[in-house]
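J.: Supplied structure: query-v3.csv, CSV, C-alpha atoms.
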```
chain,number,residue,atom,x,y,z
S,1054,MET,CA,150.1,36.0,73.4
S,1055,LYS,CA,147.9,39.0,73.8
S,1056,MET,CA,147.3,40.4,77.2
S,1057,PRO,CA,144.4,42.8,78.2
S,1058,ASN,CA,145.5,46.4,78.8
S,1059,ALA,CA,149.0,45.5,77.6
S,1060,LYS,CA,149.2,48.6,75.5
S,1061,ILE,CA,148.3,50.9,78.5
S,1062,GLY,CA,150.8,49.1,80.7
S,1063,PHE,CA,153.6,49.2,78.1
S,1064,SER,CA,153.0,52.9,77.5
S,1065,LYS,CA,153.3,53.7,81.3
S,1066,ALA,CA,156.3,51.5,81.7
S,1067,MET,CA,158.1,53.3,78.9
S,1068,THR,CA,157.2,56.7,80.4
S,1069,LEU,CA,158.5,55.7,83.8
S,1070,GLY,CA,161.8,54.3,82.2
S,1071,TRP,CA,161.2,50.7,83.2
S,1072,LEU,CA,161.6,49.4,79.6
S,1073,LYS,CA,163.7,50.3,76.5
S,1074,ILE,CA,163.4,49.3,72.9
S,1075,ASP,CA,166.4,48.3,70.8
S,1076,LYS,CA,165.3,48.9,67.2
S,1077,LYS,CA,168.7,47.7,65.8
S,1078,HIS,CA,168.7,44.2,67.4
S,1079,GLU,CA,169.5,41.4,65.0
S,1080,ASN,CA,166.0,39.9,65.7
S,1081,GLY,CA,164.3,43.1,65.0
S,1082,PRO,CA,163.0,45.7,67.5
S,1083,THR,CA,163.3,44.1,70.9
S,1084,VAL,CA,162.1,45.3,74.4
S,1085,PHE,CA,164.5,45.1,77.3
S,1086,ARG,CA,164.3,45.9,81.0
S,1087,SER,CA,166.1,49.1,81.8
S,1088,THR,CA,166.0,48.9,85.6
S,1089,ASP,CA,165.8,46.3,88.3
S,1090,ASP,CA,163.8,48.5,90.8
S,1091,ALA,CA,160.3,49.0,89.3
S,1092,THR,CA,158.1,50.6,91.9
S,1093,ASP,CA,154.4,50.7,91.0
S,1094,VAL,CA,153.6,54.2,92.1
S,1095,VAL,CA,150.0,53.9,90.9
S,1096,LYS,CA,149.4,50.8,93.0
S,1097,ASP,CA,150.9,52.5,96.1
S,1098,THR,CA,148.7,55.6,95.5
S,1099,LEU,CA,145.5,53.5,95.1
S,1100,ALA,CA,146.5,51.7,98.4
S,1101,ASP,CA,146.9,55.1,100.1
S,1102,ILE,CA,143.4,56.2,98.9
S,1103,LYS,CA,141.9,52.9,100.1
S,1104,ASN,CA,143.4,53.4,103.5
S,1105,GLY,CA,142.1,57.0,103.7
S,1106,LYS,CA,145.5,58.7,103.4
S,1107,ALA,CA,145.8,62.2,101.8
S,1108,VAL,CA,146.7,62.3,98.1
S,1109,ALA,CA,147.4,65.3,95.9
S,1110,GLU,CA,144.5,66.7,94.0
S,1111,LYS,CA,146.3,66.5,90.7
S,1112,THR,CA,147.0,62.8,91.2
S,1113,ILE,CA,143.4,62.2,92.0
S,1114,GLN,CA,142.2,63.9,88.9
S,1115,ASP,CA,144.7,61.9,86.8
S,1116,LEU,CA,143.4,58.6,88.3
S,1117,LYS,CA,139.8,59.7,87.6
S,1118,LYS,CA,140.7,60.3,83.9
S,1119,ARG,CA,142.2,56.8,83.8
S,1120,LYS,CA,139.0,55.5,85.4
S,1121,LEU,CA,141.0,53.8,88.1
S,1122,ILE,CA,139.0,55.5,90.8
S,1123,SER,CA,135.5,56.9,91.1
S,1124,PRO,CA,134.1,59.2,93.8
S,1125,VAL,CA,131.7,57.7,96.3
S,1126,ILE,CA,129.9,59.9,98.9
S,1127,THR,CA,129.2,58.3,102.2
S,1128,LYS,CA,127.0,60.1,104.7
S,1129,PHE,CA,127.0,59.3,108.4
S,1130,TYR,CA,124.3,60.4,110.9
S,1131,SER,CA,124.5,60.5,114.6
S,1132,ILE,CA,121.1,60.0,116.2
S,1133,SER,CA,120.2,60.5,119.9
S,1134,ARG,CA,117.1,61.1,121.9
S,1135,GLY,CA,115.9,64.7,122.1
S,1136,SER,CA,113.9,66.4,124.8
S,1137,ASN,CA,110.6,65.8,122.9
S,1138,PHE,CA,111.3,62.1,122.3
S,1139,SER,CA,108.1,60.0,122.3
S,1140,THR,CA,107.1,56.6,121.2
S,1141,SER,CA,103.7,57.9,120.1
S,1142,ILE,CA,102.9,60.6,117.5
S,1143,GLU,CA,100.8,63.5,118.9
S,1144,LYS,CA,99.8,66.4,116.7
S,1145,PRO,CA,100.5,69.8,118.3
S,1146,GLU,CA,97.5,72.0,119.1
S,1147,ALA,CA,97.2,75.2,117.1
S,1148,ASP,CA,94.7,77.0,119.3
S,1149,LEU,CA,93.9,77.1,123.0
S,1150,THR,CA,90.2,76.4,123.3
S,1151,ALA,CA,87.7,77.1,126.1
S,1152,ASP,CA,87.2,73.4,126.6
S,1153,MET,CA,90.9,72.9,127.3
S,1154,LEU,CA,90.8,75.6,130.0
S,1155,GLN,CA,87.7,74.1,131.6
S,1156,ASP,CA,88.9,70.5,131.8
S,1157,GLY,CA,92.6,71.4,132.4
S,1158,SER,CA,93.8,69.3,129.4
S,1159,TRP,CA,95.9,72.2,128.2
S,1160,LYS,CA,98.5,71.2,130.9
S,1161,THR,CA,99.4,68.0,129.1
S,1162,LYS,CA,98.9,69.3,125.5
S,1163,SER,CA,101.7,70.3,123.2
S,1164,PHE,CA,101.1,73.5,121.3
S,1165,LYS,CA,102.5,74.6,118.0
S,1166,GLU,CA,104.9,77.5,118.2
S,1167,TYR,CA,103.8,80.8,116.6
S,1168,ASN,CA,105.8,81.9,113.6
S,1169,PHE,CA,105.6,85.7,113.8
S,1170,LEU,CA,107.5,86.1,110.6
S,1171,ALA,CA,105.1,84.0,108.5
S,1172,LYS,CA,102.7,85.8,106.1
S,1173,GLY,CA,99.1,85.9,107.3
S,1174,ALA,CA,96.1,84.9,105.2
S,1175,PRO,CA,95.3,87.5,102.5
S,1176,ILE,CA,92.8,90.1,103.6
S,1177,THR,CA,89.7,90.4,101.5
S,1178,SER,CA,89.9,93.8,99.8
S,1179,GLY,CA,87.3,95.9,98.2
S,1180,TYR,CA,86.0,95.4,94.7
S,1181,LEU,CA,84.9,97.7,91.9
S,1182,HIS,CA,81.3,98.9,92.0
S,1183,PRO,CA,79.2,97.4,89.2
S,1184,LEU,CA,78.8,100.9,87.6
S,1185,LEU,CA,82.6,101.4,87.7
S,1186,LYS,CA,83.0,98.0,86.0
S,1187,VAL,CA,80.7,99.2,83.2
S,1188,ARG,CA,82.5,102.5,83.0
S,1189,THR,CA,85.8,100.7,82.6
S,1190,GLU,CA,84.5,98.5,79.8
S,1191,PHE,CA,82.9,101.5,78.0
S,1192,ARG,CA,86.1,103.5,78.4
S,1193,ARG,CA,88.2,100.6,76.9
S,1194,ILE,CA,85.8,100.4,73.9
S,1195,PHE,CA,86.0,104.1,73.1
S,1196,LEU,CA,89.8,104.1,73.4
S,1197,ASP,CA,90.0,101.0,71.1
S,1198,MET,CA,87.9,102.9,68.5
S,1199,GLY,CA,90.4,105.7,68.5
S,1200,PHE,CA,88.7,108.2,70.7
S,1201,SER,CA,90.6,110.3,73.2
S,1202,GLU,CA,89.3,111.0,76.7
S,1203,MET,CA,88.5,114.5,77.8
S,1204,PRO,CA,89.8,115.6,81.2
S,1205,THR,CA,87.0,115.2,83.7
S,1206,ASN,CA,88.7,116.0,87.0
S,1207,ARG,CA,86.9,119.4,87.4
S,1208,PHE,CA,84.0,118.4,89.7
S,1209,VAL,CA,83.4,122.1,90.8
S,1210,GLU,CA,82.1,124.0,87.8
S,1211,ASN,CA,80.6,127.5,87.4
S,1212,GLY,CA,77.1,128.2,86.0
S,1213,PHE,CA,78.5,129.6,82.8
S,1214,TRP,CA,80.1,126.4,81.5
S,1215,ASN,CA,77.5,124.1,83.1
S,1216,PHE,CA,74.4,126.0,81.9
S,1217,ASP,CA,74.8,129.2,80.0
S,1218,ALA,CA,77.3,127.9,77.4
S,1219,LEU,CA,74.9,125.2,76.7
S,1220,PHE,CA,72.1,127.8,76.2
S,1221,GLN,CA,70.1,126.7,79.2
S,1222,PRO,CA,68.1,129.8,80.4
S,1223,GLN,CA,68.9,131.2,83.8
S,1224,GLN,CA,65.3,130.7,85.0
S,1225,HIS,CA,65.3,127.0,84.1
S,1226,PRO,CA,64.1,124.7,87.0
S,1227,ALA,CA,67.3,122.6,86.8
S,1228,ARG,CA,69.3,125.6,88.0
S,1229,ASP,CA,67.2,125.8,91.2
S,1230,ALA,CA,68.7,124.7,94.6
S,1231,HIS,CA,66.2,121.8,94.6
S,1232,ASP,CA,68.1,120.1,91.8
S,1233,THR,CA,71.7,121.5,92.0
S,1234,PHE,CA,74.4,121.6,94.7
S,1235,PHE,CA,75.7,125.1,95.1
S,1236,ILE,CA,79.2,125.8,96.6
S,1237,SER,CA,79.4,128.2,99.5
S,1238,ASP,CA,83.2,128.8,99.6
S,1239,PRO,CA,84.2,130.1,97.1
S,1240,GLU,CA,80.6,131.1,96.1
S,1241,ILE,CA,81.4,132.6,92.7
S,1242,THR,CA,84.0,132.4,90.0
S,1243,CYS,CA,86.0,135.5,89.2
S,1244,ALA,CA,84.7,137.1,85.9
S,1245,SER,CA,88.2,137.5,84.6
S,1246,LYS,CA,88.5,133.7,84.4
S,1247,LEU,CA,85.7,133.6,81.8
S,1248,PRO,CA,86.6,134.3,78.2
S,1249,PRO,CA,85.2,137.9,77.6
S,1250,ASP,CA,84.5,137.5,73.9
S,1251,TYR,CA,82.7,134.2,74.2
S,1252,LEU,CA,80.9,135.5,77.4
S,1253,GLU,CA,79.5,138.4,75.4
S,1254,ARG,CA,78.3,136.2,72.5
S,1255,VAL,CA,76.6,133.8,74.9
S,1256,LYS,CA,74.9,136.7,76.6
S,1257,THR,CA,73.6,138.2,73.3
S,1258,THR,CA,72.3,134.8,72.1
S,1259,HIS,CA,70.4,134.3,75.4
S,1260,GLU,CA,68.9,137.8,75.3
S,1261,LYS,CA,68.4,138.5,71.5
S,1262,GLY,CA,69.0,135.2,69.8
S,1263,GLY,CA,71.4,134.4,66.9
S,1264,TYR,CA,72.7,131.5,64.8
S,1265,GLY,CA,69.1,130.7,63.8
S,1266,SER,CA,67.7,131.1,67.4
S,1267,MET,CA,65.3,133.8,68.5
S,1268,GLY,CA,66.8,133.7,72.1
S,1269,TYR,CA,64.9,133.8,75.4
S,1270,ASN,CA,64.2,137.6,75.5
S,1271,TYR,CA,65.3,138.2,79.1
S,1272,ASP,CA,68.0,140.1,80.9
S,1273,TRP,CA,70.9,137.7,81.2
S,1274,LYS,CA,72.8,138.2,84.5
S,1275,LEU,CA,76.6,137.6,84.9
S,1276,SER,CA,76.1,136.9,88.7
S,1277,GLU,CA,74.1,133.8,87.9
S,1278,ALA,CA,76.8,132.6,85.5
S,1279,GLN,CA,79.5,133.1,88.1
S,1280,LYS,CA,77.9,130.8,90.8
S,1281,ASN,CA,80.0,127.8,91.6
S,1282,ILE,CA,78.2,124.4,91.6
S,1283,LEU,CA,79.0,120.7,91.6
S,1284,ARG,CA,78.6,119.9,87.9
S,1285,THR,CA,75.3,118.3,87.0
S,1286,HIS,CA,76.5,116.7,83.8
S,1287,THR,CA,79.8,116.0,81.9
S,1288,THR,CA,78.5,118.1,79.0
S,1289,ALA,CA,80.1,121.0,80.8
S,1290,VAL,CA,83.4,119.4,80.0
S,1291,SER,CA,82.3,119.1,76.3
S,1292,ALA,CA,81.5,122.8,76.3
S,1293,ARG,CA,85.0,123.8,77.5
S,1294,MET,CA,86.7,121.4,75.1
S,1295,LEU,CA,84.7,122.7,72.1
S,1296,TYR,CA,85.7,126.3,73.0
S,1297,GLN,CA,89.4,125.3,73.3
S,1298,LEU,CA,89.2,123.5,69.9
S,1299,ALA,CA,87.7,126.6,68.3
S,1300,GLN,CA,90.7,128.7,69.4
S,1301,GLN,CA,93.1,126.6,67.3
S,1302,LYS,CA,94.5,128.3,64.2
S,1303,GLU,CA,93.9,125.3,62.1
S,1304,PHE,CA,90.8,123.2,63.1
S,1305,LYS,CA,91.4,119.5,63.1
S,1306,PRO,CA,88.6,117.0,63.6
S,1307,VAL,CA,88.8,115.0,66.8
S,1308,LYS,CA,87.0,112.1,68.4
S,1309,MET,CA,86.5,112.6,72.2
S,1310,PHE,CA,84.5,111.2,75.0
S,1311,SER,CA,84.0,111.6,78.8
S,1312,ILE,CA,82.6,109.2,81.4
S,1313,ASP,CA,82.7,110.4,85.0
S,1314,ARG,CA,80.6,111.2,88.0
S,1315,VAL,CA,78.1,114.1,88.2
S,1316,PHE,CA,76.2,115.5,91.2
S,1317,ARG,CA,72.4,116.1,91.3
S,1318,LYS,CA,69.8,116.2,94.0
S,1319,LEU,CA,67.5,113.3,93.1
S,1320,LYS,CA,64.9,111.5,95.0
S,1321,LEU,CA,65.6,107.8,95.1
S,1322,TRP,CA,62.7,105.5,94.2
S,1323,MET,CA,62.4,102.0,92.9
S,1324,LEU,CA,62.4,102.9,89.1
S,1325,HIS,CA,65.4,105.3,89.3
S,1326,ILE,CA,69.0,104.2,90.1
```
Output the file's structure in the form of structure tokens.
T.:
Amino acid sequence: MKMPNAKIGFSKAMTLGWLKIDKKHENGPTVFRSTDDATDVVKDTLADIKNGKAVAEKTIQDLKKRKLISPVITKFYSISRGSNFSTSIEKPEADLTADMLQDGSWKTKSFKEYNFLAKGAPITSGYLHPLLKVRTEFRRIFLDMGFSEMPTNRFVENGFWNFDALFQPQQHPARDAHDTFFISDPEITCASKLPPDYLERVKTTHEKGGYGSMGYNYDWKLSEAQKNILRTHTTAVSARMLYQLAQQKEFKPVKMFSIDRVFRKLKLWMLHI
């Protein structure tokens, strides 16, 4: 007769020494009882667990592997009435209004506690000016095309690089105080900061001409070229960069651009931004 789980029970009984096998018996291998006191330790352990007694962790893990027990989590809650117990639901007020103060209803209202550690609503910050947006887009296009940006952080420029190096005559109306902002301190640039060889060539070209030009035929003055101004165009940056590139031992073609603010005295009217 076959019994369910007989193999498991037989194996455990042999391990605990309850049974023995006589393989030389005249009727073939025969199982005999080896002890009269067979205490079922597993049964006693399961009874202890059921009664809530402490059992060794190793024994518990062994019973889990044999699937004789399975963990069950039971949660208990103790509920009692609190100080704010109410049979009706009332939403706490977030703000103290003028009407509450006038009719006295604030005395019976419940108010929401302030959380001083909570993050407030994000403050609306500034935005880019439309012209700055356009500048940013143009700058990205030039950079993507392989151009490099010239340094444009020199807002204060002298008349030499802003006008004379670009061969604008010193009596030109654009160099008048009505169109250009002049700096009072420092009023002029030291002559030693201007390249002497290039300064002389610019002076000669203004007075007598050269490089295919007949010049302006006037007395060019260093004092005019030394005057400090707020640059009227970024072409002054181009003039400086062209001079620096010309000083290289081996000239290499470059692609450069500049987009930045300039300063001019202009009258605002509806057709001019």
J.: Tell me which protein, DNA and RNA residues are within 9 Å of Asp1313 in chain S, counting all atoms listed in the file, leaving out same-chain ones fewer than 6 positions away, and put them as a list in words.
T.: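 Residues meeting the cut-off are Arg1188, Thr1205, Asn1206, His1286 and Thr1287 of chain S.
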J.: Using all atoms listed in the file, find the one residue out of S:Thr1285, S:Glu1166, S:Gly1062, S:Pro1124 that sits nearest to Ile1102 in chain S.
T.: S:Pro1124
J.: Using only C-alpha atoms for the distances, tell me which of S:Val1255, S:Ala1227, S:Leu1219, S:Ile1282 is nearest to Leu1319 in chain S.
T.: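 Checking each of S:Val1255, S:Ala1227, S:Leu1219, S:Ile1282 against Leu1319 in chain S, counting only C-alpha atoms, the winner is S:Ala1227.
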J.: Counting only C-alpha atoms, write as a PyMOL selection string all protein and nucleic acid residues lying at most 8 Å from (98.7, 79.4, 118.5) in the file's frame.
T.: chain S and resi 1146-1149+1164-1167
J.: Which residue is closest to Pro1222 in chain S? Choose from S:Thr1258, S:Thr1150, S:Gln1297, S:Ser1133 and count all atoms listed in the file.
T.: S:Thr1258
J.: Mind giving me the straight-line distance from CA of Ala1244 in chain S to CA of Tyr1271 in chain S in Å, one decimal?
T.: 20.6 Å
